[in-house]
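**Student:** File name final-v3.txt; file contents compact mmCIF, C-alpha atoms; full text below.
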# COMPACT_ATOMS: atom_id res chain seq x y z
CA MET A 256 0.00 0.00 0.00
CA ALA A 257 2.79 2.41 0.87
CA ASP A 258 4.40 1.78 -2.52
CA LYS A 259 1.17 2.92 -4.19
CA TRP A 260 1.35 6.31 -2.52
CA LYS A 261 5.05 6.63 -3.31
CA GLN A 262 3.90 6.58 -6.93
CA THR A 263 1.27 9.28 -6.37
CA ALA A 264 1.67 13.06 -6.55
CA LEU A 265 -0.70 15.74 -5.29
CA LEU A 266 -0.97 18.72 -7.67
CA VAL A 267 -2.11 21.94 -5.96
CA ILE A 268 -3.09 24.33 -8.74
CA ASP A 269 -3.25 28.15 -8.69
CA MET A 270 -3.79 28.54 -4.93
CA GLN A 271 -2.60 32.15 -5.11
CA ASN A 272 -3.96 35.42 -3.76
CA ASP A 273 -5.20 36.79 -7.08
CA PHE A 274 -7.47 33.78 -7.50
CA ILE A 275 -8.57 33.32 -3.87
CA ARG A 276 -8.80 36.64 -1.98
CA GLU A 277 -11.99 38.72 -2.11
CA ASP A 278 -10.01 41.55 -3.73
CA GLY A 279 -8.13 39.22 -6.09
CA LEU A 280 -7.84 40.37 -9.69
CA MET A 281 -9.23 37.05 -10.97
CA ARG A 282 -11.13 35.80 -7.93
CA VAL A 283 -12.77 32.41 -8.40
CA ASP A 284 -16.15 31.96 -6.74
CA GLY A 285 -15.82 29.43 -3.94
CA GLY A 286 -12.04 29.62 -3.91
CA LYS A 287 -11.79 30.96 -0.39
CA ALA A 288 -14.09 28.23 0.93
CA ILE A 289 -11.79 25.41 -0.20
CA VAL A 290 -8.62 26.78 1.42
CA PRO A 291 -9.10 24.78 4.67
CA ASN A 292 -9.61 21.58 2.64
CA VAL A 293 -6.41 22.16 0.69
CA ILE A 294 -4.23 22.97 3.66
CA LYS A 295 -3.24 20.04 5.86
CA VAL A 296 -4.73 19.99 9.34
CA VAL A 297 -2.06 20.12 12.05
CA ARG A 298 -2.08 19.47 15.77
CA GLU A 299 -0.40 21.99 18.07
CA HIS A 300 0.29 21.37 21.78
CA ASP A 301 1.27 23.58 24.67
CA SER A 302 5.07 23.51 25.01
CA LEU A 303 4.78 22.02 28.54
CA GLY A 304 2.25 19.41 27.49
CA ARG A 305 -0.53 20.76 29.71
CA ASP A 306 -3.15 20.03 27.03
CA VAL A 307 -2.12 16.48 26.04
CA GLU A 308 -3.21 13.05 27.25
CA LEU A 309 -1.72 11.95 30.60
CA PHE A 310 0.33 9.14 29.06
CA ARG A 311 2.15 11.71 26.87
CA GLN A 312 2.95 14.37 29.46
CA HIS A 313 6.36 12.85 30.30
CA LEU A 314 7.45 13.84 26.79
CA TYR A 315 7.12 17.56 27.62
CA SER A 316 9.20 19.66 30.03
CA ALA A 317 10.80 23.09 30.32
CA GLY A 318 13.59 23.43 27.75
CA LYS A 319 12.45 20.32 25.85
CA VAL A 320 10.38 20.44 22.67
CA GLY A 321 7.64 17.84 22.97
CA PRO A 322 5.80 16.17 20.07
CA THR A 323 3.80 18.59 17.88
CA SER A 324 4.46 21.55 20.18
CA LYS A 325 3.15 24.77 18.66
CA GLY A 326 5.67 26.14 16.19
CA SER A 327 7.54 22.83 15.80
CA LYS A 328 7.38 20.06 13.14
CA GLY A 329 5.40 16.90 13.89
CA VAL A 330 2.85 14.24 12.68
CA GLN A 331 -0.47 12.94 13.96
CA THR A 332 -0.10 9.92 16.34
CA PRO A 333 -1.13 7.36 17.49
CA ASN A 334 -4.95 6.94 17.42
CA CYS A 335 -6.34 10.31 16.39
CA ILE A 336 -7.88 9.35 13.07
CA ARG A 337 -9.23 6.02 14.32
CA GLN A 338 -10.91 7.60 17.36
CA THR A 339 -12.32 10.42 15.25
CA VAL A 340 -13.93 7.83 12.97
CA PHE A 341 -15.35 5.93 15.98
CA ASP A 342 -16.83 9.13 17.41
CA ALA A 343 -18.29 10.18 14.05
CA VAL A 344 -20.05 6.82 13.66
CA ALA A 345 -21.36 7.00 17.24
CA LEU A 346 -22.74 10.47 16.47
CA ASP A 347 -24.72 9.00 13.54
CA TYR A 348 -22.88 10.60 10.64
CA ALA A 349 -24.21 8.83 7.56
CA ASN A 350 -20.88 8.39 5.77
CA VAL A 351 -17.41 8.41 7.25
CA SER A 352 -14.41 7.90 4.98
CA VAL A 353 -10.67 7.88 5.53
CA ILE A 354 -8.81 8.89 2.37
CA LEU A 355 -5.15 8.59 3.39
CA MET A 356 -3.51 7.41 6.60
CA PRO A 357 -0.74 9.67 8.01
CA GLN A 358 2.04 7.20 7.28
CA LEU A 359 1.01 7.18 3.63
CA LEU A 360 0.96 10.97 3.49
CA LEU A 361 4.66 10.87 4.27
CA HIS A 362 5.24 9.17 0.92
CA LEU A 363 3.02 11.47 -1.14
CA MET A 364 4.80 14.01 -3.31
CA TYR A 365 3.37 17.53 -3.15
CA MET A 366 3.54 19.64 -6.29
CA LEU A 367 2.57 23.31 -6.09
CA VAL A 368 1.56 24.54 -9.54
CA VAL A 369 1.52 28.34 -9.76
CA ARG A 370 1.40 31.20 -12.23
CA GLU A 371 4.15 33.83 -12.23
CA ASN A 372 3.28 35.88 -15.27
CA ASP A 373 5.30 38.50 -17.08
CA SER A 374 4.28 41.97 -15.87
CA LEU A 375 3.18 42.91 -19.41
CA GLY A 376 1.30 39.66 -19.94
CA ARG A 377 3.45 38.54 -22.85
CA ASP A 378 3.37 34.93 -21.65
CA VAL A 379 -0.37 34.58 -20.94
CA GLU A 380 -3.27 33.51 -23.13
CA LEU A 381 -4.40 36.10 -25.72
CA PHE A 382 -7.80 36.63 -24.11
CA ARG A 383 -6.10 37.70 -20.84
CA ARG A 384 -3.53 40.13 -22.21
CA HIS A 385 -5.81 43.15 -21.93
CA MET A 386 -5.44 42.79 -18.13
CA TYR A 387 -1.73 43.64 -18.34
CA SER A 388 -0.14 46.94 -19.33
CA ALA A 389 2.70 49.26 -18.38
CA GLY A 390 2.10 50.65 -14.90
CA LYS A 391 -0.66 48.13 -14.18
CA VAL A 392 -0.15 44.98 -12.13
CA GLY A 393 -1.90 42.09 -13.89
CA PRO A 394 -3.14 38.87 -12.23
CA ALA A 395 -0.39 36.71 -10.71
CA SER A 396 2.37 38.96 -12.06
CA LYS A 397 5.77 37.69 -10.95
CA GLY A 398 6.85 39.31 -7.69
CA SER A 399 3.41 40.74 -6.89
CA LYS A 400 1.35 40.08 -3.77
CA GLY A 401 -1.28 38.46 -5.95
CA ALA A 402 1.17 35.81 -7.16
CA GLU A 403 2.01 34.68 -3.62
CA LEU A 404 0.54 31.48 -2.21
CA VAL A 405 -2.71 31.95 -0.33
CA ASP A 406 -2.34 32.45 3.43
CA GLY A 407 -1.81 29.15 5.22
CA LEU A 408 -0.29 27.36 2.25
CA THR A 409 3.49 27.29 2.40
CA MET A 410 6.33 25.49 0.66
CA LYS A 411 7.84 22.73 2.77
CA GLU A 412 11.15 20.95 2.42
CA ARG A 413 9.76 18.04 0.37
CA ASP A 414 7.46 20.16 -1.80
CA TYR A 415 8.18 20.99 -5.44
CA LYS A 416 7.01 24.07 -7.36
CA VAL A 417 6.13 24.22 -11.05
CA VAL A 418 5.54 27.58 -12.76
CA LYS A 419 3.09 27.53 -15.66
CA THR A 420 1.85 30.29 -17.94
CA ARG A 421 -1.10 28.58 -19.66
CA PHE A 422 -4.01 26.34 -18.65
CA SER A 423 -2.30 22.99 -18.19
CA ALA A 424 0.30 22.18 -15.56
CA PHE A 425 1.98 20.09 -18.27
CA PHE A 426 2.07 22.70 -21.05
CA ASN A 427 5.47 24.31 -21.49
CA THR A 428 6.76 22.93 -18.17
CA HIS A 429 9.02 20.02 -17.27
CA LEU A 430 6.39 18.52 -14.93
CA HIS A 431 5.89 15.30 -16.89
CA SER A 432 9.62 14.56 -17.11
CA PHE A 433 10.02 15.20 -13.39
CA LEU A 434 7.10 12.93 -12.44
CA GLN A 435 8.34 10.16 -14.70
CA THR A 436 11.82 10.39 -13.20
CA GLU A 437 10.28 10.04 -9.73
CA GLY A 438 8.22 7.01 -10.79
CA ILE A 439 4.87 8.79 -10.36
CA LYS A 440 1.97 6.88 -11.94
CA SER A 441 -1.08 8.48 -10.30
CA LEU A 442 -2.20 12.05 -9.65
CA VAL A 443 -4.54 13.71 -7.16
CA ILE A 444 -5.51 17.25 -8.15
CA VAL A 445 -6.88 20.15 -6.06
CA GLY A 446 -6.97 23.92 -6.42
CA VAL A 447 -8.83 26.50 -8.45
CA GLN A 448 -10.06 26.47 -12.03
CA THR A 449 -9.01 29.71 -13.72
CA PRO A 450 -10.90 29.02 -15.93
CA ASN A 451 -9.78 25.68 -17.40
CA CYS A 452 -6.54 24.90 -15.59
CA ILE A 453 -7.65 21.80 -13.69
CA ARG A 454 -9.70 20.37 -16.54
CA GLN A 455 -6.87 20.75 -19.05
CA THR A 456 -4.35 19.31 -16.57
CA VAL A 457 -6.58 16.25 -16.18
CA PHE A 458 -6.98 15.84 -19.96
CA ASP A 459 -3.22 16.06 -20.47
CA ALA A 460 -2.51 13.62 -17.63
CA VAL A 461 -4.87 11.06 -19.19
CA GLY A 462 -3.31 11.65 -22.59
CA LEU A 463 0.12 11.05 -21.05
CA ASP A 464 -1.06 7.66 -19.71
CA TYR A 465 -1.10 8.29 -15.95
CA ALA A 466 -2.81 5.26 -14.46
CA ASN A 467 -5.19 7.13 -12.14
CA VAL A 468 -6.15 10.79 -12.16
CA SER A 469 -8.45 12.03 -9.37
CA VAL A 470 -9.94 15.45 -8.61
CA ILE A 471 -11.04 16.11 -5.02
CA VAL A 472 -14.12 18.22 -5.66
CA ASP A 473 -14.39 19.50 -2.07
CA ALA A 474 -10.90 20.94 -2.46
CA THR A 475 -11.56 22.42 -5.90
CA ALA A 476 -13.30 25.64 -6.93
CA ALA A 477 -14.47 26.65 -10.38
CA ALA A 478 -16.49 29.33 -12.09
CA THR A 479 -19.13 26.80 -13.10
CA PRO A 480 -19.88 23.37 -11.57
CA ASP A 481 -20.05 21.52 -14.89
CA VAL A 482 -16.25 21.50 -15.21
CA HIS A 483 -16.17 18.58 -12.79
CA VAL A 484 -18.29 16.32 -14.99
CA GLY A 485 -16.34 13.21 -15.99
CA MET A 486 -13.39 13.91 -13.73
CA PHE A 487 -13.97 11.20 -11.14
CA SER A 488 -11.85 8.07 -10.99
Can the structure in the file be given as structure tokens, please?

**Tutor:**
Amino acid sequence: MADKWKQTALLVIDMQNDFIREDGLMRVDGGKAIVPNVIKVVREHDSLGRDVELFRQHLYSAGKVGPTSKGSKGVQTPNCIRQTVFDAVALDYANVSVILMPQLLLHLMYMLVVRENDSLGRDVELFRRHMYSAGKVGPASKGSKGAELVDGLTMKERDYKVVKTRFSAFFNTHLHSFLQTEGIKSLVIVGVQTPNCIRQTVFDAVGLDYANVSVIVDATAAATPDVHVGMFS
């Protein structure tokens, strides 16, 4: 099972301020609502362990960084997901699903796909070029606030960034070569559709013979809902 996830990459597409914030130059309806679903949930403890279970308190002391102390690195252990599922079933939730276990997440490759456009729009699609001009900051212009990752989403040590200028994450980038070198056979895709970025990335991935291509709809926003039709695997 772990080998399967070692062969899977998560593509996070266009999660940048200009597409997410209320004042973004190309705000996507529903984009802000999916941010919590895209960002990993973390657990943060008091540095002295005053808010952890009794059997863990010996791991915390003054001058010692305990597991998942606020501001430190850590993972979710040992029974958090299992107990959450038990409680959800006991509370009569109709459907409870576990997508990935934490140990499998460690093997998943994270790919952040972003736009960093030329300030004059010379590298964007023709229909967008009117949004760029001298003295005017266009959407996701390189170095602008709008091109930065949305608040809460940050690059980590094992993450990889791909810069694209057109719809598809594969068009005019070295993404496919990189994924093939890493032995990636399956893709999970989240992010925003601006306006056809996710759909075209899926089409290209299928055309390039990736074994499984999945879109997590709850972590995806688009101008119209029909773009998701036919994207499930």

**Student:** Using all atoms listed in the file, what residues lie at most 12 Å away from (-12.5, 26.8, 2.4) (file coordinates), given as a list in words?

**Tutor:** Met270, Ile275, Arg276, Asp284, Gly285, Gly286, Lys287, Ala288, Ile289, Val290, Pro291, Asn292, Val293, Ile294, Lys295, Val405, Asp406, Gly407, Gly446, Val447, Val472, Asp473, Ala474, Thr475 and Ala476 of chain A

**Student:** How about saving the chosen residues, C-alpha atoms kept, as a PDB file, in the frame of the given file?

**Tutor:**
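Saved file out-v1.pdb follows:
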ATOM      1  CA  MET A 270      -3.790  28.540  -4.930  1.00  0.00           C
ATOM      2  CA  ILE A 275      -8.570  33.320  -3.870  1.00  0.00           C
ATOM      3  CA  ARG A 276      -8.800  36.640  -1.980  1.00  0.00           C
ATOM      4  CA  ASP A 284     -16.150  31.960  -6.740  1.00  0.00           C
ATOM      5  CA  GLY A 285     -15.820  29.430  -3.940  1.00  0.00           C
ATOM      6  CA  GLY A 286     -12.040  29.620  -3.910  1.00  0.00           C
ATOM      7  CA  LYS A 287     -11.790  30.960  -0.390  1.00  0.00           C
ATOM      8  CA  ALA A 288     -14.090  28.230   0.930  1.00  0.00           C
ATOM      9  CA  ILE A 289     -11.790  25.410  -0.200  1.00  0.00           C
ATOM     10  CA  VAL A 290      -8.620  26.780   1.420  1.00  0.00           C
ATOM     11  CA  PRO A 291      -9.100  24.780   4.670  1.00  0.00           C
ATOM     12  CA  ASN A 292      -9.610  21.580   2.640  1.00  0.00           C
ATOM     13  CA  VAL A 293      -6.410  22.160   0.690  1.00  0.00           C
ATOM     14  CA  ILE A 294      -4.230  22.970   3.660  1.00  0.00           C
ATOM     15  CA  LYS A 295      -3.240  20.040   5.860  1.00  0.00           C
ATOM     16  CA  VAL A 405      -2.710  31.950  -0.330  1.00  0.00           C
ATOM     17  CA  ASP A 406      -2.340  32.450   3.430  1.00  0.00           C
ATOM     18  CA  GLY A 407      -1.810  29.150   5.220  1.00  0.00           C
ATOM     19  CA  GLY A 446      -6.970  23.920  -6.420  1.00  0.00           C
ATOM     20  CA  VAL A 447      -8.830  26.500  -8.450  1.00  0.00           C
ATOM     21  CA  VAL A 472     -14.120  18.220  -5.660  1.00  0.00           C
ATOM     22  CA  ASP A 473     -14.390  19.500  -2.070  1.00  0.00           C
ATOM     23  CA  ALA A 474     -10.900  20.940  -2.460  1.00  0.00           C
ATOM     24  CA  THR A 475     -11.560  22.420  -5.900  1.00  0.00           C
ATOM     25  CA  ALA A 476     -13.300  25.640  -6.930  1.00  0.00           C
TER      26      ALA A 476
END

**Student:** Give me, as an NGL selection string, all polymer residues having an atom no more than 9 Å from Asn467 of chain A, counting all atoms listed in the file and skipping those fewer than 3 positions away in the same chain.

**Tutor:** :A and (263 or 440-443 or 460-461 or 464 or 488)

**Student:** Hey, which of A:Thr420, A:Thr436, A:Ser388, A:Gln262 ends up closest to Val369 of chain A? Count only C-alpha atoms.

**Tutor:**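 Looking at the shortest contact to Val369 of chain A, the residue is A:Thr420.
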
**Student:** Show me, as a compact mmCIF listing (two decimals) with C-alpha atoms, in the frame of the given file, the residues that have an atom within 9 Å of Val418 of chain A when counting only C-alpha atoms, minus same-chain residues fewer than 3 positions from it.

**Tutor:**
# COMPACT_ATOMS: atom_id res chain seq x y z
CA LEU A 367 2.57 23.31 -6.09
CA VAL A 368 1.56 24.54 -9.54
CA VAL A 369 1.52 28.34 -9.76
CA ARG A 370 1.40 31.20 -12.23
CA GLU A 371 4.15 33.83 -12.23
CA ASN A 372 3.28 35.88 -15.27
CA ALA A 424 0.30 22.18 -15.56
CA THR A 428 6.76 22.93 -18.17

**Student:** What is the distance, in Å and to one decimal place, between atom CA of Arg454 of chain A and atom CA of Val470 of chain A?

**Tutor:**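 That distance, rounded to one decimal, is 9.3 Å.
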